[in-house]
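Enquirer: Here you go, this is run-v4.txt (compact mmCIF, C-alpha atoms and all ligand atoms).
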```txt
# COMPACT_ATOMS: atom_id res chain seq x y z
CA MET A 7 56.82 123.92 37.35
CA GLU A 8 59.54 121.86 35.72
CA ARG A 9 59.68 122.31 32.00
CA VAL A 10 59.81 119.57 29.40
CA ARG A 11 63.18 119.38 27.69
CA PRO A 12 63.30 119.79 23.92
CA GLY A 13 64.24 116.12 23.44
CA SER A 14 66.97 114.83 21.18
CA ALA A 15 67.33 116.39 17.79
CA GLY A 16 65.76 114.25 15.09
CA GLU A 17 62.83 112.89 17.14
CA LEU A 18 59.40 113.29 15.59
CA ARG A 19 57.55 116.17 17.23
CA ILE A 20 54.23 117.91 16.90
CA ALA A 21 54.28 121.66 17.53
CA PRO A 22 50.83 123.26 17.52
CA SER A 23 50.92 126.87 16.38
CA VAL A 24 49.08 129.23 18.70
CA LEU A 25 48.35 131.46 15.71
CA SER A 26 45.19 129.48 15.02
CA ALA A 27 44.15 129.28 18.69
CA ASP A 28 41.62 131.55 20.38
CA PHE A 29 43.77 134.42 21.71
CA GLY A 30 41.06 135.24 24.19
CA SER A 31 41.46 131.83 25.78
CA LEU A 32 45.04 130.96 24.95
CA ALA A 33 45.98 129.11 28.13
CA ASN A 34 42.93 126.86 27.85
CA ALA A 35 43.60 126.19 24.17
CA VAL A 36 47.21 125.25 24.87
CA GLN A 37 46.35 123.01 27.81
CA ALA A 38 43.65 121.25 25.82
CA VAL A 39 46.22 119.79 23.39
CA ASP A 40 48.93 119.11 25.97
CA GLY A 41 48.52 115.32 25.94
CA GLU A 42 49.09 114.87 22.22
CA THR A 43 51.70 117.50 21.43
CA ASP A 44 55.41 117.98 22.10
CA TRP A 45 56.34 121.64 21.68
CA LEU A 46 54.39 124.87 21.50
CA HIS A 47 55.02 126.99 18.42
CA VAL A 48 54.61 130.72 19.07
CA ASP A 49 54.30 132.85 15.93
CA VAL A 50 55.61 136.36 16.46
CA MET A 51 54.87 138.80 13.63
CA ASP A 52 55.99 142.42 13.62
CA GLY A 53 53.96 143.95 10.77
CA HIS A 54 57.21 144.62 8.87
CA PHE A 55 58.84 141.33 7.96
CA VAL A 56 55.33 140.03 7.36
CA PRO A 57 52.15 142.07 6.91
CA ASN A 58 50.48 140.59 9.99
CA LEU A 59 50.89 141.60 13.63
CA THR A 60 50.55 139.10 16.49
CA ILE A 61 52.11 138.72 19.91
CA GLY A 62 55.34 139.28 21.78
CA PRO A 63 57.19 138.59 25.03
CA PRO A 64 54.35 139.66 27.39
CA VAL A 65 52.13 136.93 25.98
CA VAL A 66 54.92 134.35 26.23
CA LYS A 67 55.36 135.38 29.86
CA SER A 68 51.62 135.14 30.58
CA LEU A 69 51.38 131.72 28.97
CA ARG A 70 54.47 130.31 30.62
CA PRO A 71 52.86 129.21 33.93
CA TYR A 72 50.22 127.23 32.04
CA SER A 73 52.48 124.95 30.01
CA GLN A 74 55.62 122.93 30.57
CA LYS A 75 56.17 122.47 26.86
CA PHE A 76 59.19 123.65 24.97
CA PHE A 77 58.26 127.14 23.73
CA ASP A 78 59.44 127.30 20.14
CA CYS A 79 59.25 130.97 19.20
CA HIS A 80 59.23 131.77 15.49
CA LEU A 81 60.26 135.38 15.10
CA MET A 82 58.93 136.80 11.84
CA MET A 83 60.56 140.15 12.51
CA THR A 84 63.01 142.45 10.78
CA GLU A 85 64.75 143.30 14.06
CA PRO A 86 64.59 140.24 16.34
CA GLY A 87 67.88 141.23 17.97
CA ARG A 88 66.07 143.97 19.86
CA TYR A 89 63.77 141.44 21.50
CA LEU A 90 65.75 138.21 22.02
CA ASP A 91 66.62 139.16 25.57
CA ALA A 92 62.96 139.88 26.36
CA PHE A 93 61.90 136.54 24.88
CA ALA A 94 64.48 134.69 26.95
CA LYS A 95 63.34 136.46 30.11
CA ALA A 96 59.69 135.78 29.28
CA GLY A 97 60.36 132.04 29.14
CA ALA A 98 61.07 131.22 25.50
CA ASP A 99 63.07 127.98 25.22
CA GLY A 100 64.08 128.46 21.63
CA CYS A 101 63.98 131.34 19.17
CA THR A 102 64.11 131.09 15.42
CA VAL A 103 65.13 134.06 13.28
CA HIS A 104 64.77 134.41 9.52
CA VAL A 105 67.87 134.27 7.33
CA GLU A 106 66.35 136.79 4.89
CA ILE A 107 66.87 139.71 7.29
CA GLY A 108 70.68 139.36 7.39
CA GLY A 109 73.02 139.75 10.37
CA THR A 110 72.45 136.04 10.92
CA ARG A 111 75.68 135.06 12.64
CA GLU A 112 75.32 137.76 15.31
CA LEU A 113 71.68 136.89 15.94
CA LEU A 114 72.41 133.17 16.33
CA LEU A 115 75.21 133.97 18.74
CA GLN A 116 73.02 136.34 20.73
CA CYS A 117 70.34 133.67 20.99
CA ARG A 118 72.93 131.07 22.10
CA GLU A 119 74.40 133.39 24.72
CA LEU A 120 70.96 133.93 26.19
CA GLY A 121 70.78 130.17 26.80
CA MET A 122 68.05 129.44 24.29
CA ARG A 123 67.93 126.81 21.60
CA VAL A 124 68.94 128.42 18.32
CA GLY A 125 66.81 128.27 15.17
CA LEU A 126 67.15 129.61 11.65
CA ALA A 127 64.22 129.92 9.24
CA ALA A 128 64.02 130.18 5.46
CA ASN A 129 61.09 131.26 3.31
CA PRO A 130 59.88 128.93 0.53
CA ASP A 131 61.83 130.81 -2.14
CA THR A 132 65.07 131.09 -0.16
CA PRO A 133 67.58 128.49 -1.38
CA PHE A 134 69.27 125.98 0.91
CA SER A 135 72.61 127.64 0.09
CA ALA A 136 71.48 130.66 2.17
CA VAL A 137 71.22 128.62 5.40
CA GLU A 138 73.92 126.02 4.75
CA PRO A 139 76.80 128.17 6.09
CA PHE A 140 75.05 128.28 9.52
CA LEU A 141 74.25 124.60 10.00
CA GLU A 142 76.98 124.09 12.59
CA GLU A 143 75.66 127.00 14.66
CA ILE A 144 72.01 126.02 14.95
CA ASP A 145 69.82 123.46 16.71
CA LEU A 146 66.86 123.84 14.39
CA LEU A 147 66.31 124.65 10.74
CA LEU A 148 62.80 125.86 9.94
CA LEU A 149 61.89 125.43 6.30
CA MET A 150 58.69 127.35 5.64
CA THR A 151 56.15 125.47 3.55
CA VAL A 152 54.05 128.62 3.06
CA PHE A 153 55.05 132.28 2.78
CA PRO A 154 54.92 133.44 6.39
CA GLY A 155 52.27 135.81 7.67
CA PHE A 156 49.04 133.91 7.96
CA GLY A 157 47.67 130.57 9.08
CA GLY A 158 45.48 128.36 6.95
CA GLN A 159 47.47 128.61 3.69
CA SER A 160 48.20 125.72 1.32
CA PHE A 161 51.35 123.62 1.66
CA ILE A 162 53.99 124.38 -1.01
CA GLY A 163 55.23 120.96 -2.10
CA ASP A 164 58.18 122.40 -4.02
CA VAL A 165 59.92 123.01 -0.68
CA MET A 166 60.36 119.25 -0.24
CA SER A 167 63.50 119.13 -2.34
CA LYS A 168 65.02 121.66 0.08
CA VAL A 169 63.97 119.50 3.03
CA THR A 170 65.76 116.53 1.46
CA GLU A 171 68.83 118.67 0.76
CA ALA A 172 68.87 119.87 4.36
CA ARG A 173 68.42 116.40 5.86
CA GLU A 174 71.21 115.01 3.70
CA ALA A 175 73.57 117.84 4.67
CA VAL A 176 72.79 117.45 8.38
CA THR A 177 73.29 113.67 8.24
CA ARG A 178 76.45 113.93 6.17
CA ARG A 179 78.00 116.31 8.70
CA GLY A 180 76.77 114.32 11.70
CA LEU A 181 74.94 117.33 13.14
CA ASN A 182 72.13 117.34 15.69
CA VAL A 183 69.82 119.73 13.91
CA ASP A 184 66.05 119.45 13.92
CA ILE A 185 64.34 120.09 10.60
CA GLU A 186 60.99 121.78 11.12
CA VAL A 187 58.28 122.42 8.54
CA ASP A 188 55.65 125.10 9.03
CA GLY A 189 52.65 125.98 6.92
CA GLY A 190 49.81 123.89 5.54
CA ILE A 191 50.83 120.87 7.61
CA ASP A 192 48.02 118.33 8.08
CA THR A 193 47.53 114.56 8.04
CA THR A 194 48.16 114.50 4.27
CA THR A 195 51.16 116.80 4.02
CA ALA A 196 52.98 115.92 7.28
CA PRO A 197 53.81 112.36 6.10
CA ILE A 198 55.14 113.82 2.83
CA ALA A 199 57.42 116.17 4.76
CA ALA A 200 58.44 113.34 7.10
CA ASN A 201 59.41 111.18 4.14
CA HIS A 202 61.65 113.98 2.89
CA GLY A 203 63.41 114.28 6.25
CA ALA A 204 61.46 116.74 8.40
CA ASN A 205 61.07 115.79 12.06
CA VAL A 206 59.24 118.75 13.66
CA PHE A 207 55.76 119.52 12.37
CA VAL A 208 54.10 122.85 13.08
CA ALA A 209 50.35 122.84 12.65
CA GLY A 210 47.95 125.67 13.29
CA ASN A 211 44.75 125.20 11.38
CA ALA A 212 45.04 121.38 11.38
CA ILE A 213 44.96 121.40 15.20
CA PHE A 214 43.41 124.58 16.65
CA GLY A 215 41.17 125.09 13.64
CA GLN A 216 39.44 121.77 14.28
CA SER A 217 36.40 121.10 16.45
CA ASP A 218 38.40 118.64 18.57
CA PRO A 219 42.00 119.92 18.66
CA LEU A 220 43.26 117.11 20.92
CA ARG A 221 41.97 114.45 18.57
CA ALA A 222 43.33 116.40 15.58
CA ALA A 223 46.79 116.44 17.20
CA ALA A 224 46.56 112.70 17.84
CA ASP A 225 45.56 112.11 14.21
CA LEU A 226 48.57 114.13 13.07
CA ARG A 227 50.89 112.16 15.32
CA ARG A 228 49.54 108.89 13.95
CA ALA A 229 49.95 110.14 10.39
CA ILE A 230 53.67 110.88 10.80
CA ALA A 231 54.38 107.75 12.85
CA LYS A 232 53.38 105.48 9.97
C1 LIG B 1 52.78 131.17 9.19
C2 LIG B 1 53.19 130.71 10.56
C3 LIG B 1 52.72 129.35 10.86
C4 LIG B 1 51.24 129.21 10.84
C5 LIG B 1 50.94 127.85 10.34
O1 LIG B 1 53.31 132.42 8.95
O2 LIG B 1 54.58 130.74 10.70
O3 LIG B 1 53.28 128.83 12.06
O4 LIG B 1 50.64 129.35 12.08
O5 LIG B 1 49.57 127.76 10.22
P1 LIG B 1 48.88 126.59 9.40
O6 LIG B 1 49.28 125.30 10.02
O7 LIG B 1 47.44 126.90 9.57
O8 LIG B 1 49.34 126.71 7.98
ZN ZN B 2 55.52 129.61 12.46
```
Could you write out this structure as structure tokens?

Expert:
Amino acid sequence: MERVRPGSAGELRIAPSVLSADFGSLANAVQAVDGETDWLHVDVMDGHFVPNLTIGPPVVKSLRPYSQKFFDCHLMMTEPGRYLDAFAKAGADGCTVHVEIGGTRELLLQCRELGMRVGLAANPDTPFSAVEPFLEEIDLLLLMTVFPGFGGQSFIGDVMSKVTEAREAVTRRGLNVDIEVDGGIDTTTAPIAANHGANVFVAGNAIFGQSDPLRAAADLRRAIAK
């Protein structure tokens, strides 16, 4: 099965987060929203970096035959370096590591050498200055709009000034870096984030938490396209 390419940096994209999907029927859940989504956001939690524990490379591998989407793996882990190779082999297209854990330059390089798209994430209270030195080395900057760990939390609007800062820096330097927001994204908050410069929108509860996830994804797409 030929996979969908990530697309050019800066295009508006909807990335449903599997965290809010039914893990007992993951392939069905993912296929149900295929027509109205662009990427698939896979939330990996290790029980250390965040208190929650979710999934890893075996699930990525199992899901891979059921979707051609770009698998955008968000690694909420203290030691992602131990698993990047396994994620690449399992079929991850991109991996995003958190800047808070340190060792960032080596991790980004490792991810690049494995042929994946390279992402760097920052928690809501991590300043832009922490990620700025790495802008030239990444394809995606994930600015968390909730504290990571759980789906269904409320959007933290204060992060928007950081989104603006990031978009201005990326534009000023002429870089092709996607700016992704994750946490509390819905039809009300996604347009706010879009207006501040975000172009990739992760949504868990607003898509998989709804009675008609496909329609919910379409509604989200319409909301950011305005
Ligand atoms: C939070 C995860 C998110 C989460 C978003 O730690 O990184 O991707 O699934 O869920 P919602 O959209 O429900 O806030
Ligand atoms: Zn996430």

Enquirer: Considering only C-alpha atoms, return as a list of chain:residue names whatever protein or nucleic-acid residues lie within 6 Å of segment 143-158 of chain A, sequence-local ones (same chain, fewer than 2 positions apart) excluded.

Expert: A:Val56, A:Asn58, A:Val124, A:Gly125, A:Leu126, A:Ala127, A:Ala128, A:Asn129, A:Pro130, A:Phe140, A:Leu141, A:Phe161, A:Ile162, A:Val183, A:Asp184, A:Ile185, A:Glu186, A:Val187, A:Asp188, A:Gly189, A:Asn211

Enquirer: State, in Å with one decimal place, the distance from atom CA of Ala175 of chain A to atom CA of Glu138 of chain A.

Expert: 8.2 Å

Enquirer: Pick out the closest residue to ligand LIG 1 (chain B) from this set: A:Asn201, A:Thr102, A:Gln74, A:Gln116. Count all atoms listed in the file.

Expert: A:Thr102

Enquirer: Could you check the closest approach to His80 of chain A for each of A:Thr110, A:Ser23, A:Thr43, A:Ser31 and tell me which residue wins, using only C-alpha atoms?

Expert: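 Of all the options, A:Ser23 lies closest to His80 of chain A.
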
Enquirer: Quick one: distance from atom CA of Cys101 of chain A to atom C2 of ligand LIG 1 (chain B) in Å, one decimal?

Expert: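 Separation between atom CA of Cys101 of chain A and atom C2 of ligand LIG 1 (chain B): 13.8 Å.
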
Enquirer: In Å, rounded to a single decimal, give me how far atom CA of Met82 of chain A is from atom CA of Phe55 of chain A.

Expert: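 Answer for the atom CA of Phe55 of chain A to atom CA of Met82 of chain A separation: 6.0 Å.
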
Enquirer: Please provide as a PDB file with C-alpha atoms, in the frame of the given file all residues within 7 Å of segment 48-54 of chain A, with the sequence filter that same-chain residues fewer than 2 positions apart are discarded (counting only C-alpha atoms).

Expert:
```pdb
ATOM      1  CA  SER A  23      50.920 126.870  16.380  1.00  0.00           C
ATOM      2  CA  VAL A  24      49.080 129.230  18.700  1.00  0.00           C
ATOM      3  CA  LEU A  25      48.350 131.460  15.710  1.00  0.00           C
ATOM      4  CA  LEU A  46      54.390 124.870  21.500  1.00  0.00           C
ATOM      5  CA  VAL A  56      55.330 140.030   7.360  1.00  0.00           C
ATOM      6  CA  PRO A  57      52.150 142.070   6.910  1.00  0.00           C
ATOM      7  CA  ASN A  58      50.480 140.590   9.990  1.00  0.00           C
ATOM      8  CA  LEU A  59      50.890 141.600  13.630  1.00  0.00           C
ATOM      9  CA  THR A  60      50.550 139.100  16.490  1.00  0.00           C
ATOM     10  CA  ILE A  61      52.110 138.720  19.910  1.00  0.00           C
ATOM     11  CA  GLY A  62      55.340 139.280  21.780  1.00  0.00           C
ATOM     12  CA  PHE A  77      58.260 127.140  23.730  1.00  0.00           C
ATOM     13  CA  ASP A  78      59.440 127.300  20.140  1.00  0.00           C
ATOM     14  CA  CYS A  79      59.250 130.970  19.200  1.00  0.00           C
ATOM     15  CA  HIS A  80      59.230 131.770  15.490  1.00  0.00           C
ATOM     16  CA  LEU A  81      60.260 135.380  15.100  1.00  0.00           C
ATOM     17  CA  MET A  82      58.930 136.800  11.840  1.00  0.00           C
ATOM     18  CA  MET A  83      60.560 140.150  12.510  1.00  0.00           C
ATOM     19  CA  THR A  84      63.010 142.450  10.780  1.00  0.00           C
TER      20      THR A  84
END
```

Enquirer: Go through A:Ser68, A:Ser167, A:Asn205, A:Ser217 one by one, measure the shortest atom-to-atom distance of each to Leu18 of chain A using all atoms listed in the file, and give the residue with the smallest value.

Expert: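 Nearest candidate to Leu18 of chain A out of A:Ser68, A:Ser167, A:Asn205, A:Ser217: A:Asn205.
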
Enquirer: Can you sort out the box for segment 185-195 of chain A, edges along x, y and z, all listed atoms in, 3 Å on every side, with centre and edge lengths in Å to one decimal, as JSON?

Expert:
```
{"center_x": 55.9, "center_y": 120.2, "center_z": 7.6, "size_x": 22.8, "size_y": 17.5, "size_z": 13.1}
```

Enquirer: Between A:Leu181, A:Leu220, A:Ile20, A:Ala15, which has the minimum distance to ligand LIG 1 (chain B) (counting all atoms listed in the file)?

Expert: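 Using all atoms listed in the file, the shortest distance to ligand LIG 1 (chain B) belongs to A:Ile20.
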